[in-house]
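Everything below belongs to upload.cif, which stores mmCIF, C-alpha atoms.
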```
data_run
#
loop_
_atom_site.label_atom_id
_atom_site.label_comp_id
_atom_site.auth_asym_id
_atom_site.auth_seq_id
_atom_site.Cartn_x
_atom_site.Cartn_y
_atom_site.Cartn_z
CA MET A 1 26.61 43.65 -68.48
CA LYS A 2 25.34 46.95 -67.12
CA LYS A 3 21.94 48.56 -66.74
CA ALA A 4 21.31 50.98 -69.60
CA LEU A 5 21.22 54.70 -68.88
CA LEU A 6 18.71 55.72 -71.52
CA TYR A 7 15.41 53.88 -71.63
CA LYS A 8 11.78 54.25 -70.65
CA LYS A 9 9.63 51.60 -69.00
CA LEU A 10 6.40 50.74 -70.79
CA GLU A 11 3.40 48.55 -69.94
CA ASP A 12 3.64 44.76 -69.86
CA ASN A 13 7.38 44.90 -69.04
CA LYS A 14 8.22 46.39 -72.42
CA VAL A 15 10.86 49.12 -72.63
CA GLN A 16 11.74 51.83 -75.11
CA CYS A 17 15.48 52.22 -75.66
CA GLN A 18 16.43 55.90 -76.00
CA ASN A 19 20.03 55.32 -76.97
CA CYS A 20 19.78 55.91 -80.70
CA ALA A 21 17.37 57.33 -83.24
CA HIS A 22 15.61 53.98 -83.74
CA TYR A 23 14.03 54.34 -80.27
CA CYS A 24 13.38 50.59 -80.26
CA VAL A 25 10.44 49.23 -78.28
CA ILE A 26 11.78 45.97 -76.87
CA LEU A 27 9.71 43.08 -75.51
CA PRO A 28 10.83 41.11 -72.42
CA GLY A 29 13.68 38.76 -73.27
CA LYS A 30 14.34 40.48 -76.60
CA ARG A 31 17.05 42.81 -77.91
CA GLY A 32 17.03 46.01 -79.92
CA ILE A 33 18.18 46.42 -83.51
CA CYS A 34 21.79 46.72 -82.35
CA GLY A 35 21.69 43.20 -80.94
CA VAL A 36 23.46 44.15 -77.70
CA ARG A 37 20.72 45.79 -75.58
CA GLU A 38 18.37 43.36 -73.91
CA ASN A 39 15.13 43.72 -71.96
CA GLN A 40 15.46 41.60 -68.86
CA ASN A 41 12.24 41.60 -66.83
CA GLY A 42 11.33 45.16 -67.78
CA LYS A 43 14.84 46.59 -67.36
CA LEU A 44 17.19 47.34 -70.24
CA TYR A 45 20.79 46.17 -70.07
CA SER A 46 23.88 46.76 -72.19
CA LEU A 47 25.41 43.33 -72.80
CA VAL A 48 28.75 44.68 -74.06
CA TYR A 49 29.88 46.82 -71.13
CA GLY A 50 33.60 46.18 -70.58
CA LYS A 51 33.72 43.62 -73.43
CA ALA A 52 36.21 44.99 -75.95
CA VAL A 53 36.31 43.07 -79.22
CA ALA A 54 39.17 45.23 -80.56
CA VAL A 55 41.79 47.41 -78.87
CA ASN A 56 44.58 48.84 -81.04
CA ILE A 57 47.00 51.73 -81.19
CA ASP A 58 46.29 53.53 -84.48
CA PRO A 59 47.50 56.67 -86.20
CA ILE A 60 44.80 59.28 -85.68
CA GLU A 61 44.78 59.73 -89.48
CA LYS A 62 43.35 56.20 -89.82
CA LYS A 63 40.03 57.23 -88.24
CA PRO A 64 40.28 59.46 -90.36
CA PHE A 65 41.07 62.70 -88.54
CA PHE A 66 43.33 65.02 -90.54
CA HIS A 67 42.85 68.19 -88.49
CA PHE A 68 42.59 66.78 -84.96
CA LEU A 69 45.93 66.04 -83.25
CA PRO A 70 47.67 65.31 -86.60
CA GLY A 71 50.64 62.97 -86.44
CA THR A 72 49.62 61.38 -83.12
CA ARG A 73 48.43 57.93 -82.16
CA SER A 74 45.09 56.99 -80.61
CA VAL A 75 43.98 54.02 -78.54
CA SER A 76 41.08 52.57 -80.54
CA VAL A 77 38.37 50.46 -78.94
CA ALA A 78 35.16 48.71 -80.02
CA THR A 79 32.60 46.12 -78.96
CA VAL A 80 30.41 43.90 -81.14
CA GLY A 81 27.13 45.24 -82.53
CA CYS A 82 25.77 48.14 -84.57
CA ASN A 83 22.54 50.12 -84.87
CA MET A 84 22.77 50.18 -88.67
CA SER A 85 22.96 47.31 -91.14
CA CYS A 86 25.01 48.87 -93.94
CA LYS A 87 25.46 46.49 -96.83
CA ASN A 88 28.84 48.11 -97.55
CA CYS A 89 30.20 47.58 -94.02
CA GLN A 90 33.87 46.55 -93.95
CA ASN A 91 33.84 45.63 -90.25
CA TRP A 92 30.75 43.45 -90.66
CA ASN A 93 32.29 40.48 -88.85
CA ILE A 94 32.13 42.42 -85.56
CA SER A 95 29.25 44.79 -86.33
CA GLN A 96 26.83 42.34 -87.95
CA GLY A 97 28.26 38.94 -87.06
CA SER A 98 27.44 36.66 -84.15
CA LYS A 99 27.39 38.42 -80.78
CA ILE A 100 27.63 35.23 -78.70
CA ARG A 101 30.32 32.58 -78.33
CA ASN A 102 30.04 29.74 -75.83
CA GLY A 103 27.05 31.43 -74.27
CA GLU A 104 28.82 34.75 -73.65
CA ILE A 105 29.07 38.07 -75.46
CA ILE A 106 32.20 38.10 -77.62
CA GLY A 107 34.97 40.33 -76.32
CA GLU A 108 37.85 40.59 -73.88
CA ASN A 109 37.15 41.81 -70.37
CA MET A 110 38.64 45.29 -70.38
CA PRO A 111 37.21 47.84 -67.94
CA PRO A 112 37.44 51.57 -68.67
CA GLU A 113 40.41 51.94 -66.35
CA ARG A 114 42.51 49.58 -68.48
CA ILE A 115 41.75 51.47 -71.68
CA VAL A 116 42.89 54.73 -70.09
CA GLU A 117 45.99 52.94 -68.77
CA GLU A 118 46.76 51.82 -72.34
CA ALA A 119 46.62 55.41 -73.52
CA ILE A 120 48.94 56.57 -70.75
CA LYS A 121 51.36 53.67 -71.27
CA ASN A 122 51.56 54.29 -75.02
CA LYS A 123 51.69 58.08 -74.63
CA ALA A 124 48.61 58.36 -76.83
CA PRO A 125 46.90 61.74 -76.39
CA SER A 126 43.49 60.39 -77.39
CA ILE A 127 41.11 57.44 -77.20
CA SER A 128 38.94 56.68 -80.24
CA TYR A 129 35.67 54.79 -80.00
CA THR A 130 35.57 53.25 -83.45
CA TYR A 131 35.40 50.17 -85.76
CA THR A 132 31.76 49.58 -84.74
CA GLU A 133 29.22 52.24 -83.73
CA PRO A 134 30.13 53.70 -80.29
CA THR A 135 26.50 54.61 -79.63
CA ILE A 136 25.72 50.94 -79.01
CA PHE A 137 28.37 50.72 -76.26
CA PHE A 138 27.41 54.13 -74.92
CA GLU A 139 27.74 53.37 -71.17
CA TYR A 140 31.14 51.73 -71.65
CA ALA A 141 32.37 54.61 -73.79
CA LEU A 142 30.98 57.23 -71.40
CA ASP A 143 32.70 55.81 -68.32
CA THR A 144 35.97 55.58 -70.26
CA MET A 145 35.59 59.12 -71.56
CA LYS A 146 35.06 60.52 -68.09
CA LEU A 147 38.21 58.84 -66.78
CA ALA A 148 40.18 59.94 -69.85
CA LYS A 149 39.08 63.54 -69.43
CA LYS A 150 40.39 63.57 -65.86
CA LYS A 151 43.79 62.43 -67.16
CA GLY A 152 43.90 65.07 -69.90
CA ILE A 153 43.29 62.52 -72.66
CA LYS A 154 41.04 63.53 -75.57
CA ASN A 155 38.05 61.47 -76.73
CA THR A 156 36.95 60.93 -80.32
CA TRP A 157 34.02 59.04 -81.85
CA VAL A 158 34.01 57.55 -85.33
CA THR A 159 30.27 57.33 -85.76
CA ASN A 160 27.34 56.92 -88.12
CA GLY A 161 25.73 59.88 -86.35
CA PHE A 162 22.50 58.00 -85.59
CA MET A 163 22.62 58.46 -81.82
CA SER A 164 19.61 59.90 -80.00
CA LYS A 165 19.57 63.55 -78.98
CA GLU A 166 19.62 62.34 -75.37
CA CYS A 167 22.79 60.33 -75.98
CA LEU A 168 24.55 63.23 -77.68
CA GLU A 169 23.63 65.58 -74.85
CA ILE A 170 25.18 63.27 -72.25
CA ILE A 171 28.44 62.56 -74.11
CA SER A 172 29.02 66.10 -75.36
CA PRO A 173 30.95 67.42 -72.31
CA TYR A 174 33.50 64.62 -72.79
CA LEU A 175 33.60 64.36 -76.60
CA ASP A 176 36.37 66.37 -78.25
CA ALA A 177 36.01 65.28 -81.87
CA ALA A 178 33.78 63.17 -84.10
CA ASN A 179 34.22 61.82 -87.59
CA VAL A 180 30.69 61.28 -88.83
CA ASP A 181 29.72 59.15 -91.81
CA LEU A 182 27.39 61.13 -94.05
CA LYS A 183 26.72 58.19 -96.30
CA SER A 184 24.42 59.94 -98.77
CA PHE A 185 22.05 62.87 -98.95
CA ASP A 186 19.23 60.55 -99.98
CA ASP A 187 16.88 59.16 -97.33
CA LYS A 188 16.01 56.25 -99.63
CA PHE A 189 19.69 55.22 -99.62
CA TYR A 190 19.74 55.29 -95.83
CA ARG A 191 16.61 53.16 -95.60
CA ASN A 192 17.53 50.60 -98.29
CA VAL A 193 21.30 50.29 -97.79
CA CYS A 194 21.75 51.14 -94.10
CA GLY A 195 18.47 50.35 -92.36
CA ALA A 196 18.30 53.88 -90.98
CA ARG A 197 17.21 57.45 -91.83
CA LEU A 198 19.04 60.55 -93.00
CA LYS A 199 17.40 63.30 -90.92
CA PRO A 200 18.73 62.29 -87.46
CA VAL A 201 22.28 62.21 -88.86
CA LEU A 202 21.95 65.73 -90.24
CA GLU A 203 20.43 67.02 -87.00
CA ASN A 204 23.20 65.45 -84.91
CA LEU A 205 25.91 66.89 -87.16
CA LYS A 206 24.48 70.39 -86.73
CA GLN A 207 24.15 69.91 -82.97
CA MET A 208 27.74 68.71 -82.63
CA LYS A 209 28.98 71.90 -84.26
CA LYS A 210 26.80 74.01 -81.95
CA LEU A 211 28.25 72.16 -78.97
CA GLY A 212 31.82 72.95 -80.00
CA ILE A 213 32.81 69.39 -80.91
CA TRP A 214 35.38 69.25 -83.72
CA VAL A 215 33.70 67.52 -86.68
CA GLU A 216 35.07 65.83 -89.77
CA VAL A 217 32.77 64.16 -92.31
CA THR A 218 33.35 60.97 -94.32
CA THR A 219 31.46 59.77 -97.40
CA LEU A 220 32.16 56.34 -98.90
CA VAL A 221 31.45 56.53 -102.63
CA ILE A 222 29.67 53.37 -103.79
CA PRO A 223 29.24 52.90 -107.55
CA THR A 224 25.59 53.07 -108.73
CA LEU A 225 24.30 53.79 -105.21
CA ASN A 226 25.54 57.25 -104.14
CA ASP A 227 27.99 58.38 -106.83
CA LYS A 228 25.90 60.96 -108.68
CA ASP A 229 27.10 64.57 -108.94
CA GLU A 230 23.87 65.82 -107.38
CA ASN A 231 24.51 63.77 -104.25
CA PHE A 232 28.03 65.18 -103.91
CA LYS A 233 26.73 68.74 -104.41
CA LYS A 234 24.07 68.32 -101.72
CA ILE A 235 26.58 66.95 -99.20
CA ALA A 236 29.12 69.69 -99.98
CA ASN A 237 26.50 72.42 -99.62
CA PHE A 238 25.24 70.99 -96.33
CA ILE A 239 28.78 70.91 -94.92
CA LYS A 240 29.51 74.47 -96.02
CA ASN A 241 26.19 76.03 -94.99
CA GLU A 242 25.42 74.07 -91.81
CA LEU A 243 28.81 72.97 -90.45
CA GLY A 244 31.21 75.55 -91.85
CA ALA A 245 33.64 75.63 -94.78
CA GLU A 246 36.49 74.69 -92.43
CA THR A 247 34.93 71.24 -91.81
CA PRO A 248 37.07 68.56 -93.50
CA TRP A 249 35.30 66.24 -95.94
CA HIS A 250 36.85 62.79 -96.53
CA ILE A 251 35.71 61.07 -99.74
CA SER A 252 36.61 57.38 -99.68
CA GLN A 253 36.92 54.59 -102.21
CA PHE A 254 34.66 51.55 -101.84
CA SER A 255 36.24 48.07 -101.95
CA PRO A 256 33.58 45.41 -102.67
CA GLU A 257 35.69 42.43 -101.65
CA ILE A 258 35.66 43.44 -97.98
CA SER A 259 32.03 44.60 -97.90
CA TRP A 260 29.24 42.73 -96.15
CA LYS A 261 26.76 42.34 -99.00
CA LEU A 262 27.97 44.33 -102.01
CA GLN A 263 30.66 42.06 -103.46
CA HIS A 264 28.90 42.20 -106.84
CA LEU A 265 29.72 45.90 -107.30
CA SER A 266 32.93 47.35 -108.71
CA PRO A 267 35.48 49.37 -106.76
CA THR A 268 34.97 53.12 -106.94
CA PRO A 269 36.79 54.53 -109.98
CA ILE A 270 39.44 57.04 -108.99
CA GLU A 271 37.76 59.46 -111.39
CA SER A 272 34.63 59.42 -109.21
CA ILE A 273 36.66 60.30 -106.13
CA GLU A 274 38.45 63.10 -107.97
CA LYS A 275 35.13 64.44 -109.27
CA ALA A 276 33.62 64.50 -105.77
CA CYS A 277 36.73 66.21 -104.38
CA GLN A 278 36.52 68.89 -107.05
CA ILE A 279 32.83 69.46 -106.36
CA GLY A 280 33.66 69.97 -102.69
CA LEU A 281 36.39 72.47 -103.49
CA ASP A 282 34.22 74.29 -106.06
CA THR A 283 31.48 74.57 -103.42
CA GLY A 284 33.89 76.45 -101.19
CA LEU A 285 35.04 73.79 -98.73
CA LYS A 286 38.55 74.51 -97.48
CA TYR A 287 39.68 70.93 -96.88
CA VAL A 288 38.61 68.01 -99.08
CA TYR A 289 40.45 64.69 -98.95
CA SER A 290 40.44 61.40 -100.80
CA GLY A 291 40.46 58.18 -98.80
CA ASN A 292 41.61 54.59 -99.35
CA ILE A 293 43.66 55.69 -102.36
CA PRO A 294 47.29 56.04 -101.16
CA GLY A 295 49.41 58.57 -102.98
CA GLN A 296 46.62 60.81 -104.19
CA ALA A 297 47.34 64.55 -103.97
CA CYS A 298 44.07 65.14 -102.24
CA GLU A 299 45.38 63.42 -99.10
CA ASP A 300 47.55 66.46 -98.37
CA THR A 301 46.57 69.62 -96.53
CA TYR A 302 46.96 72.86 -98.46
CA CYS A 303 46.61 76.37 -97.15
CA PRO A 304 43.14 77.52 -98.25
CA LYS A 305 44.51 81.02 -98.91
CA CYS A 306 47.89 80.72 -100.66
CA LYS A 307 47.53 77.04 -101.70
CA GLU A 308 50.94 75.99 -100.34
CA LYS A 309 51.20 72.40 -99.11
CA MET A 310 51.35 72.41 -95.30
CA ILE A 311 50.93 68.72 -94.45
CA ASP A 312 52.32 66.05 -96.76
CA ARG A 313 50.73 62.64 -96.20
CA THR A 314 52.04 59.32 -97.45
CA GLY A 315 49.84 56.62 -96.01
CA TYR A 316 49.77 57.40 -92.30
CA TYR A 317 53.20 59.05 -92.32
CA ILE A 318 53.00 62.82 -92.37
CA VAL A 319 55.40 65.73 -92.75
CA GLN A 320 54.17 69.03 -91.34
CA SER A 321 55.48 72.42 -92.43
CA HIS A 322 52.99 74.66 -90.63
CA LYS A 323 53.81 76.70 -87.55
CA ASN A 324 51.45 76.44 -84.58
CA GLY A 325 48.53 75.56 -86.85
CA LYS A 326 49.11 78.47 -89.22
CA CYS A 327 50.41 78.49 -92.77
CA SER A 328 54.19 78.95 -92.68
CA ASN A 329 53.96 80.90 -95.94
CA CYS A 330 51.13 83.40 -95.37
CA GLY A 331 50.02 82.91 -91.75
CA GLN A 332 46.51 81.66 -92.59
CA ASP A 333 44.77 79.63 -89.88
CA LEU A 334 44.70 75.97 -91.00
CA ASN A 335 41.92 74.97 -88.60
CA LEU A 336 44.03 72.37 -86.80
CA ILE A 337 43.38 71.09 -83.26
CA LEU A 338 46.90 70.53 -81.96
CA GLU A 339 46.33 69.91 -78.24
#
```
What would you get if you wrote out this structure as structure tokens?
Amino acid sequence: MKKALLYKKLEDNKVQCQNCAHYCVILPGKRGICGVRENQNGKLYSLVYGKAVAVNIDPIEKKPFFHFLPGTRSVSVATVGCNMSCKNCQNWNISQGSKIRNGEIIGENMPPERIVEEAIKNKAPSISYTYTEPTIFFEYALDTMKLAKKKGIKNTWVTNGFMSKECLEIISPYLDAANVDLKSFDDKFYRNVCGARLKPVLENLKQMKKLGIWVEVTTLVIPTLNDKDENFKKIANFIKNELGAETPWHISQFSPEISWKLQHLSPTPIESIEKACQIGLDTGLKYVYSGNIPGQACEDTYCPKCKEKMIDRTGYYIVQSHKNGKCSNCGQDLNLILE
């Protein structure tokens, strides 16, 4: 447990959490929407500091990052809790499930120093804050990021993008890359399916680009909920016009059997993924990828100029044919972060 960095004291021992875009007003003895920030006698505390519920060594492509340190491994860490309540969540057992076991917050005691040690020991050039929303374990992530930066280790967030502007400002000097879920371009979807709002996500995406953070975007295509052509066109145009045509867009297949509350839906047809990918390319995006569909051509990286295949991906195994981040055929910049 650690005192929260971002909150404001209010009358009657209430507090306003300023960690994410919900800006929860929390009564004494109560917690915010995330379930892991508690008002204790007029002071706000993070209950998950140093309590890792998952620590793994993953291929960076699993995040997914296809243009940030391709072919490397990343130490991946999470705590319980989330500031959204997405019905499609596939990590719902740790994001939405019980936070307490035997009177204590679930998770292994793992201070920031140990996470950085894991990265050094495994020769992993990055640490990824992932699986659940890193915003809700902000203090834990921040302390780890600072230590990692001193050791020359990169930091990445896999995030829903619903952090507060204050949170983003504080982490930005230490954050090298972010894969942000842009779940839909419809605020109604965000409110009904995710318990959140669209606008803060869009604003944070634009701010990340301004701050020089490498950004990749992921959209999970859910049948009947966000699979219309118009939705794909709006997302593709936002990425191109506000983030830049070089920003990778990952379009992923939904699997109902592992979702939190959408088991009644069907898996995303491959045709829907292919259609969204084509819309992205037709809009002018340089790099559009399919996700959760092994073996699809759209997992590979092609030179946006001469169209030669530069990175061949099979699952998380990749073969690279580029030279120093440039096309080996025509010399075009492939927008890769290699170190």
### Task
Could you tell me which residues the PyMOL selection byres ((chain A and resi 332) around 8) grabs in this file, written as a ChimeraX atom specification?
/A:303-305,326-327,330-331,333-334
### Message
Please return as a PyMOL selection string every residue within 9 Å of (23.4, 56.6, -83.7), taking into account only C-alpha atoms and the file's own coordinates.
### Response
chain A and resi 19-22+82-84+133-136+159-164+167+200-201+204
### Query
A:Ala52, A:Cys34, A:Leu202, A:Ile213: which is nearest A:Tyr129, counting all atoms listed in the file?
A:Ala52
### Task
Take atom CA of A:Glu230 and atom CA of A:Ala196 and report the distance between them in Å, one decimal.
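Pair atom CA of A:Glu230 / atom CA of A:Ala196 returns 21.0 Å.
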### Query
Which of these residues is nearest to A:Lys261, using all atoms listed in the file: A:Trp214, A:Tyr289, A:Trp249, A:Trp92?
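Result for the nearest residue to A:Lys261: A:Trp92.
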### Query
Once the PyMOL selection byres ((chain A and resi 128) around 9) has been applied to the shown file, what residues remain in the selection, as a list in words?
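Applying the expression gives Ile60, Lys63, Ser74, Val75, Ser76, Val77, Ala78, Ser126, Ile127, Tyr129, Thr130, Lys154, Asn155, Thr156, Trp157 and Val158 of chain A.
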### Query
Which of these, A:Thr132, A:Gln253, A:Asn109, A:Ser184, has the shortest distance to A:Gly291 once you count all atoms listed in the file?
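Answer, going by the shortest atom-to-atom distance: A:Gln253.
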### Message
Just want the 9 Å neighbourhood of A:Ile120, counted on only C-alpha atoms, with same-chain residues fewer than 5 positions away dropped. Output as a ChimeraX atom specification.
### Response
/A:115,125,151,153
### Task
Rank nothing, just name the residue among A:Thr247, A:Pro70, A:His322, A:Leu142 nearest to A:Ile170, using all atoms listed in the file.
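Closest candidate: A:Leu142.
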Output stretch 320-331 of chain A with N, CA and C atoms present, as a PDB file, keeping the file's coordinate frame.
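Final file, selection-v3.pdb:
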```pdb
ATOM      1  N   GLN A 320      54.865  67.773 -91.564  1.00  0.00           N
ATOM      2  CA  GLN A 320      54.170  69.030 -91.340  1.00  0.00           C
ATOM      3  C   GLN A 320      55.126  70.205 -91.543  1.00  0.00           C
ATOM      4  N   SER A 321      54.646  71.229 -92.237  1.00  0.00           N
ATOM      5  CA  SER A 321      55.480  72.420 -92.430  1.00  0.00           C
ATOM      6  C   SER A 321      54.813  73.676 -91.867  1.00  0.00           C
ATOM      7  N   HIS A 322      53.670  73.497 -91.210  1.00  0.00           N
ATOM      8  CA  HIS A 322      52.990  74.660 -90.630  1.00  0.00           C
ATOM      9  C   HIS A 322      53.637  75.062 -89.308  1.00  0.00           C
ATOM     10  N   LYS A 323      53.312  76.223 -88.835  1.00  0.00           N
ATOM     11  CA  LYS A 323      53.810  76.700 -87.550  1.00  0.00           C
ATOM     12  C   LYS A 323      52.640  76.999 -86.643  1.00  0.00           C
ATOM     13  N   ASN A 324      52.507  76.220 -85.564  1.00  0.00           N
ATOM     14  CA  ASN A 324      51.450  76.440 -84.580  1.00  0.00           C
ATOM     15  C   ASN A 324      50.058  76.492 -85.217  1.00  0.00           C
ATOM     16  N   GLY A 325      49.843  75.636 -86.226  1.00  0.00           N
ATOM     17  CA  GLY A 325      48.530  75.560 -86.850  1.00  0.00           C
ATOM     18  C   GLY A 325      48.254  76.638 -87.868  1.00  0.00           C
ATOM     19  N   LYS A 326      49.276  77.424 -88.208  1.00  0.00           N
ATOM     20  CA  LYS A 326      49.110  78.470 -89.220  1.00  0.00           C
ATOM     21  C   LYS A 326      50.026  78.204 -90.401  1.00  0.00           C
ATOM     22  N   CYS A 327      49.610  78.659 -91.562  1.00  0.00           N
ATOM     23  CA  CYS A 327      50.410  78.490 -92.770  1.00  0.00           C
ATOM     24  C   CYS A 327      51.769  79.144 -92.582  1.00  0.00           C
ATOM     25  N   SER A 328      52.837  78.405 -92.841  1.00  0.00           N
ATOM     26  CA  SER A 328      54.190  78.950 -92.680  1.00  0.00           C
ATOM     27  C   SER A 328      54.541  79.932 -93.789  1.00  0.00           C
ATOM     28  N   ASN A 329      53.697  79.991 -94.823  1.00  0.00           N
ATOM     29  CA  ASN A 329      53.960  80.900 -95.940  1.00  0.00           C
ATOM     30  C   ASN A 329      53.223  82.236 -95.774  1.00  0.00           C
ATOM     31  N   CYS A 330      51.910  82.150 -95.428  1.00  0.00           N
ATOM     32  CA  CYS A 330      51.130  83.400 -95.370  1.00  0.00           C
ATOM     33  C   CYS A 330      50.472  83.656 -94.018  1.00  0.00           C
ATOM     34  N   GLY A 331      50.572  82.696 -93.095  1.00  0.00           N
ATOM     35  CA  GLY A 331      50.020  82.910 -91.750  1.00  0.00           C
ATOM     36  C   GLY A 331      48.555  82.563 -91.599  1.00  0.00           C
TER      37      GLY A 331
END
```
